[in-house]
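Single-structure report; data block below.
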Protein chains: 2
Amino acid sequence: MGGSVSTVPSASPTMRDVAAFAEVSPMTVSRTLRGDPRVSPEMRQRVLAAVETLRYRRNDLARGLRTGRSSGLLGLVVTGLGNPFYSEMALGVEALAAERDMRVVLGDTAGDVDRERQLVDDLASRRVDGIIVVPAGNDHRHLDPAALHGLPVVFATRPPSVPDVDCVVVDDFGGSRAATASLLAEGHERIGFLGLGRSLWTGTERLRGYCAALEEAGLAVDDALLRSVASTSGAAEDAARALLQLPDPPTAMFAANNRNTVGAYRAIARAGTGTALAGFDDVPLADLFASPLTVVAYDVGEVGRRAAQLLLDRLDPAAGSGHARMLTVPTSVKTYRPLGGS
Amino acid sequence: MGGSVSTVPSASPTMRDVAAFAEVSPMTVSRTLRGDPRVSPEMRQRVLAAVETLRYRRNDLARGLRTGRSSGLLGLVVTGLGNPFYSEMALGVEALAAERDMRVVLGDTAGDVDRERQLVDDLASRRVDGIIVVPAGNDHRHLDPAALHGLPVVFATRPPSVPDVDCVVVDDFGGSRAATASLLAEGHERIGFLGLGRSLWTGTERLRGYCAALEEAGLAVDDALLRSVASTSGAAEDAARALLQLPDPPTAMFAANNRNTVGAYRAIARAGTGTALAGFDDVPLADLFASPLTVVAYDVGEVGRRAAQLLLDRLDPAAGSGHARMLTVPTSVKTYRPLGGS
DNA sequence: CTGTTAGCGCCTTCAA
DNA sequence: TTGAAGGCGCTAACAG
């Protein structure tokens with residue numbers, strides 16, 4: 001009997017194991033672990049000691065099955081975690097979920113609607129308590145809570161085309177208008193627009209903002225200066241270059257997202273035209289760039305936090321399920337200027 | 001009887017509901033859904049029709065409970081999703097998990113070891129199949145699989161101090177040596193070092209690489225040029241400025257991570273000294289910066305993918321649980337030069 | 001205060 | 001090929 005090494009079994013012990021070890025009934029273990037006050041101190045001690053010795057960990061899955069309670073999981077389905085935008089959003093969601101001891105289950109669709117459909121299906125099968133999704137397409141039928149037995153769904157950055165879905169969007173219109181206005185205020189009258197696909201809601205909103213600013217300045221929208229850019233890398237740079245090579249090129253450009261902004265920046269830098277540039281979405285470290293850059297900035301984490309809040313509200317039975325809500329995250333126009341020796 | 005609207009009940013139907021609807025036994029439903037071949041085509045049809053009508057979705061949690069099988073979840077615990085580094089890593093993990101129809105559960109410790117402990121505990125209670133963790137501290141006892149009933153654990157970007165833990169690290173030493181060597185090759189002999197806390201493994205490795213390069217060039221390490229930088233923002237800039245204000249300032253600097261690199265860049269740009277700069281970690285869009293920048297780049301997603309692969313290997317009983325493995329992701333030195341009109 | 005019984009939703013095992 | 005019984009780990013609901 002020379003000091004047998006206390007080996008921890010590799011299989012997870014169950015409540016019964018703990019009960020047997022502590023020589024009590026499983027119910028006493030259950031109550032103790034749940035903090036039920038009607039357990040005598042001695043019993044509690046015995047149980048906790050056994051839990052400690054066996055390194056017991058309650059099986060939350062089985063628990064959830066019996067209590068019928070929530071899984072404590074939020075699904076988060078995005079179109080591309082590689083984009084820092086979505087990771088910041090995920091951070092926001094995680095933060096709010098963590099406050100309630102909930103976890104976030106990730107899903108990346110890479111912009112594929114079929115993948116989105118099966119991801120949502122999978123998450124539903126896993127009985128997540130709700131889903132936050134950045135829809136990849138415009139057909140949202142598979143995201144309708146009605147088709148998901150009432151599973152709460154919140155859209156992020158796009159408005160829903162089905163009822164009973166809360167959403168958080170960015171002030172695409174206002175931000176674009178303000179940024180375009182700031183270019184106008186600098187005296188630019190010919191401003192190119194590097195837009196997104198016309199089927200994207202954010203794309204049309206940002207174009208609306210751009211047009212609104214021009215009209216408010218009494219300027220007509222010149223279709224020759226409007227370009228739609230496929231989301232492939234490099235396409236934005238090509239489109240920007242094409243604008244710069246027009247007979248009567250724009251003196252400034254507004255890019256509808258950060259990819260387009262970067263592409264336009266490259267085209268302008270290479271052409272050496274000094275064309276002014278503004279773009280939607282913040283660009284990190286743009287203050288280190290060689291030329292000035294104006295961006296429409298907003299708190300991306302806030303998008304995630306608000307989306308999570310909307311979801312949590314839906315989960316709270318007390319709040320009652322009122323009508324769908326739509327939250328808008330405000331934007332601000334920010335101009336980066338190159339650092340330099342004073 | 002005027003066309004009653006087909007209302008989908010808001011509560012999730014169970015297998016029994018489907019069975020009752022299809023007028024078969026629950027077992028037939030179960031077998032059908034699992035693709036058991038010994039179900040007659042007619043039965044299969046009846047079942048699938050009922051599933052369709054009721055929008056039934058099998059409860060994976062209950063299923064897992066009975067089969068004793070895995071939850072199909074991987075835990076991913078990082079120290080700060082806000083850092084694009086970790087989100088790219090998450091993308092890699094997600095990609096590999098998705099190949100096996102597994103999902104990723106996120107946890108953010110914000111560098112807090114206590115939070116890490118409770119996150120791991122929570123994930124274990126949720127019966128994830130394994131955990132990938134970027135440890136916040138140097139005490140790894142709570143991450144020991146032996147303390148977690150054999151739950152597989154993989155460390156990312158830091159080597160484990162407990163046995164039986166696989167890990168994926170970056171070639172901190174080699175990358176730092178190469179980057180420092182490239183500065184030396186440009187003729188610099190006084191090279192400042194902006195390091196991390198000395199308790200961080202990556203910090204000491206990167207310092208080792210820096211020193212090795214100097215020694216290989218026959219140069220002595222000047223302690224006056226070595227700074228440790230707290231991870232607060234702005235501290236790196238202050239430290240870099242201090243170096244620049246030395247009586248005999250360095251003509252180049254090597255920064256041990258991207259935060260330090262950016263801080264040093266700012267300090268140098270403000271001082272206008274034209275000091276050369278290299279840093280560990282890639283800096284996105286550095287080609288748009290006003291001055292050249294050399295970085296130690298590596299495939300961050302690869303860190304996540306390899307970590308996930310190690311974990312999946314451990315889960316595969318066929319692979320057998322050999323000794324702990326340590327994978328190193330290679331680095332490359334990349335120099336960004338400002339764009340300009342040709 | 002503690003223990004017993006029953007069952008959450010599903011699947012393994014055995015019988016028909 | 002289908003169904004009935006039993007149990008995965010846990011906890012409500014009821015005893016005692």
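Ordering of the structure tokens sets the chain letters (A, B, ...); residue numbers start at 1 within each chain; ligands are numbered from 1 in the order shown.
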
### Task
Would you list, as a PyMOL selection string, the residues of range 152-192 of chain B that end up in strand (DSSP E or B) under DSSP run on this structure's backbone?
chain B and resi 153-156+166-170+191-192

Restricted to C-alpha atoms, what would the selected residues look like written as a compact mmCIF listing (two decimals), in the first residue's frame?
# COMPACT_ATOMS: atom_id res chain seq x y z
CA VAL B 153 -5.99 20.52 -25.24
CA VAL B 154 -3.86 22.27 -27.82
CA PHE B 155 -1.87 25.41 -27.14
CA ALA B 156 -1.49 28.05 -29.78
CA ASP B 166 0.15 19.54 -28.37
CA CYS B 167 1.01 22.99 -29.53
CA VAL B 168 1.54 25.21 -32.54
CA VAL B 169 3.99 28.03 -32.28
CA VAL B 170 5.41 30.55 -34.65
CA ILE B 191 19.65 48.44 -33.56
CA GLY B 192 17.14 49.16 -30.82

### Query
If you count only C-alpha atoms (C1' of nucleotides), which residues fall within 9 Å of DT2 in chain C, apart from same-chain ones fewer than 4 positions away, as an MDAnalysis selection string?
(chainID A and resid 24:25 27:28 39) or (chainID D and resid 16)

Based on the selection just made, write N, CA and C atoms (P, O5', C5', C4', C3', O3' and C1' of nucleotides) of those residues as a PDB file, in the first residue's frame.
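Saved as again.pdb:
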ATOM      1  N   VAL A  24     -24.159   9.328  -0.662  1.00  0.00           N
ATOM      2  CA  VAL A  24     -25.429  10.044  -0.555  1.00  0.00           C
ATOM      3  C   VAL A  24     -26.222   9.719  -1.815  1.00  0.00           C
ATOM      4  N   SER A  25     -27.389  10.296  -1.926  1.00  0.00           N
ATOM      5  CA  SER A  25     -28.163  10.052  -3.138  1.00  0.00           C
ATOM      6  C   SER A  25     -27.789  11.085  -4.206  1.00  0.00           C
ATOM      7  N   MET A  27     -29.571  12.955  -5.807  1.00  0.00           N
ATOM      8  CA  MET A  27     -30.325  14.199  -5.625  1.00  0.00           C
ATOM      9  C   MET A  27     -29.591  15.178  -4.726  1.00  0.00           C
ATOM     10  N   THR A  28     -28.977  14.656  -3.706  1.00  0.00           N
ATOM     11  CA  THR A  28     -28.238  15.529  -2.797  1.00  0.00           C
ATOM     12  C   THR A  28     -27.079  16.190  -3.535  1.00  0.00           C
ATOM     13  N   VAL A  39     -29.871  21.903   2.011  1.00  0.00           N
ATOM     14  CA  VAL A  39     -28.916  20.798   2.118  1.00  0.00           C
ATOM     15  C   VAL A  39     -28.078  21.092   3.355  1.00  0.00           C
TER      16      VAL A  39
ATOM     17  P    DG D  16     -44.716   7.780   1.424  1.00  0.00           P
ATOM     18  O5'  DG D  16     -43.659   8.231   2.525  1.00  0.00           O
ATOM     19  C5'  DG D  16     -42.435   7.541   2.627  1.00  0.00           C
ATOM     20  C4'  DG D  16     -41.474   8.369   3.441  1.00  0.00           C
ATOM     21  C3'  DG D  16     -41.898   8.562   4.904  1.00  0.00           C
ATOM     22  O3'  DG D  16     -41.048   7.756   5.720  1.00  0.00           O
ATOM     23  C1'  DG D  16     -40.884  10.501   3.957  1.00  0.00           C
TER      24       DG D  16
END

Given only C-alpha atoms (C1' of nucleotides), how would the per-residue table for chain B near chain C read, listing every residue at most 8 Å away with its closest atom pair and distance in Å to one decimal, sorted by chain and number, as CSV?
residue,atom,partner,partner_atom,distance
B:Thr14,CA,C:DG9,C1',6.9
B:Met15,CA,C:DG9,C1',7.4
B:Ser30,CA,C:DC11,C1',7.8
B:Asn59,CA,C:DG9,C1',6.9
B:Ala62,CA,C:DG9,C1',5.2
B:Arg63,CA,C:DC10,C1',4.9
B:Leu65,CA,C:DC10,C1',7.9
B:Arg66,CA,C:DC11,C1',5.9
B:Thr67,CA,C:DC11,C1',6.5

Deliver the residues from the most recent selection as a file, using N, CA and C atoms, as a CSV table (one decimal), in the first residue's frame.
chain,number,residue,atom,x,y,z
B,14,THR,N,-40.9,16.9,-31.3
B,14,THR,CA,-39.9,15.9,-31.0
B,14,THR,C,-40.1,14.7,-31.9
B,15,MET,N,-39.3,13.7,-31.8
B,15,MET,CA,-39.4,12.6,-32.6
B,15,MET,C,-40.8,11.9,-32.5
B,30,SER,N,-36.3,7.6,-36.1
B,30,SER,CA,-34.9,7.6,-35.7
B,30,SER,C,-34.1,7.0,-36.8
B,59,ASN,N,-32.9,16.8,-32.3
B,59,ASN,CA,-32.1,17.4,-31.2
B,59,ASN,C,-30.8,16.8,-31.0
B,62,ALA,N,-29.7,15.8,-27.3
B,62,ALA,CA,-30.3,14.6,-26.7
B,62,ALA,C,-29.6,13.4,-27.4
B,63,ARG,N,-29.4,13.5,-28.7
B,63,ARG,CA,-28.8,12.5,-29.5
B,63,ARG,C,-27.4,12.2,-28.9
B,65,LEU,N,-26.3,12.8,-26.0
B,65,LEU,CA,-26.4,12.2,-24.7
B,65,LEU,C,-26.5,10.7,-24.7
B,66,ARG,N,-27.4,10.2,-25.6
B,66,ARG,CA,-27.6,8.8,-25.6
B,66,ARG,C,-26.4,8.1,-26.3
B,67,THR,N,-25.9,8.6,-27.4
B,67,THR,CA,-24.9,7.9,-28.1
B,67,THR,C,-23.6,8.0,-27.4

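Summary of the local environment: counting only C-alpha atoms (C1' of nucleotides), residues at most 9 Å from range 234-240 of chain A, other than itself and those fewer than 2 positions away along its chain, are A:Gly192, A:Phe193, A:Leu194, A:Arg227, A:Ser228, A:Val229, A:Ala230, A:Ser231, A:Thr232, A:Ala242, A:Leu243, A:Leu244, A:Gln245, A:Met253, A:Ala255, A:Arg259, A:Asn260, A:Thr261, A:Val262, A:Gly263, A:Ala264, A:Tyr265, A:Arg266, A:Ala267, A:Ile268.
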
Chain D residues near chain A within 10 Å, closest pair each, using only C-alpha atoms (C1' of nucleotides), as a tab-separated table:
residue	atom	partner	partner_atom	distance
D:DC8	C1'	A:Ala62	CA	8.5
D:DG9	C1'	A:Ala62	CA	5.1
D:DC10	C1'	A:Arg63	CA	4.9
D:DT11	C1'	A:Arg66	CA	6.1
D:DA12	C1'	A:Thr67	CA	7.9

Go ahead and write the selection's residues with C-alpha atoms (C1' of nucleotides) as a compact mmCIF listing (two decimals), in the first residue's frame.
# COMPACT_ATOMS: atom_id res chain seq x y z
C1' DC D 8 -27.60 8.13 -21.35
C1' DG D 9 -27.00 12.26 -17.01
C1' DC D 10 -29.63 15.09 -14.88
C1' DT D 11 -33.52 17.13 -12.26
C1' DA D 12 -38.82 18.23 -11.40

Taking only residues of chain A that have an atom at most 6 Å from an atom of chain B, what is each one's shortest atom pair and its distance in Å to one decimal, using only C-alpha atoms, in chain and number order, as CSV?
residue,atom,partner,partner_atom,distance
A:Ser10,CA,B:His149,CA,4.4
A:Ala11,CA,B:His149,CA,5.8
A:Ser12,CA,B:His149,CA,5.8
A:Arg57,CA,B:Ser125,CA,5.9
A:Arg58,CA,B:Ser125,CA,5.9
A:Asn59,CA,B:Ser125,CA,5.3
A:Asp60,CA,B:Arg126,CA,5.3
A:Leu81,CA,B:Leu91,CA,5.7
A:Gly82,CA,B:Glu88,CA,5.6
A:Pro84,CA,B:Pro84,CA,5.9
A:Ser87,CA,B:Ser87,CA,5.5
A:Glu88,CA,B:Gly82,CA,5.6
A:Leu91,CA,B:Leu81,CA,5.6
A:Val104,CA,B:Leu106,CA,5.4
A:Val105,CA,B:Val105,CA,4.5
A:Leu106,CA,B:Val104,CA,5.4
A:Ser125,CA,B:Asn59,CA,5.3
A:Arg126,CA,B:Asp60,CA,5.4
A:His149,CA,B:Ser10,CA,4.4
A:Gly150,CA,B:Ser10,CA,5.1
A:Ala269,CA,B:Gly340,CA,5.6
A:Arg270,CA,B:Gly341,CA,4.8
A:Ala271,CA,B:Gly341,CA,5.6
A:Gly272,CA,B:Gly341,CA,4.8
A:Leu288,CA,B:Phe289,CA,5.3
A:Phe289,CA,B:Phe289,CA,4.1
A:Ala290,CA,B:Ala290,CA,4.0
A:Gly340,CA,B:Arg270,CA,5.3
A:Gly341,CA,B:Gly272,CA,4.8

### Shell around Ala297 in chain B at 12 Å using only C-alpha atoms (C1' of nucleotides), local window under 5 positions removed, as a PyMOL selection string
chain B and resi 85+170-172+174-176+178-179+257-258+278-284+286+302+329-336

Could you write out the selected residues, including C-alpha atoms, as a short mmCIF file (atom, residue, chain, number, x, y, z; two decimals), in the first residue's frame?
data_model
loop_
_atom_site.label_atom_id
_atom_site.label_comp_id
_atom_site.auth_asym_id
_atom_site.auth_seq_id
_atom_site.Cartn_x
_atom_site.Cartn_y
_atom_site.Cartn_z
CA PHE B 85 -4.39 38.06 -35.15
CA VAL B 170 5.41 30.55 -34.65
CA ASP B 171 9.10 30.57 -35.46
CA ASP B 172 9.70 33.50 -33.16
CA GLY B 174 14.10 32.41 -36.60
CA GLY B 175 11.88 35.24 -37.73
CA SER B 176 13.43 37.71 -35.34
CA ALA B 178 16.16 37.01 -39.98
CA ALA B 179 14.55 40.42 -39.62
CA ASN B 257 5.14 42.60 -32.05
CA ASN B 258 2.75 44.59 -34.18
CA ALA B 278 11.45 46.15 -38.66
CA GLY B 279 8.90 44.34 -36.56
CA PHE B 280 7.46 40.96 -35.74
CA ASP B 281 3.94 40.29 -37.11
CA ASP B 282 2.67 41.51 -40.41
CA VAL B 283 1.07 44.95 -40.61
CA PRO B 284 -1.79 45.12 -43.08
CA ALA B 286 1.90 48.78 -44.71
CA GLU B 302 -2.20 28.38 -40.56
CA VAL B 329 4.79 27.78 -38.39
CA PRO B 330 7.49 29.31 -40.57
CA THR B 331 8.00 33.02 -40.99
CA SER B 332 9.26 35.17 -43.80
CA VAL B 333 10.73 38.62 -43.85
CA LYS B 334 8.81 41.05 -45.99
CA THR B 335 9.67 44.64 -46.78
CA TYR B 336 7.01 47.16 -47.66
#
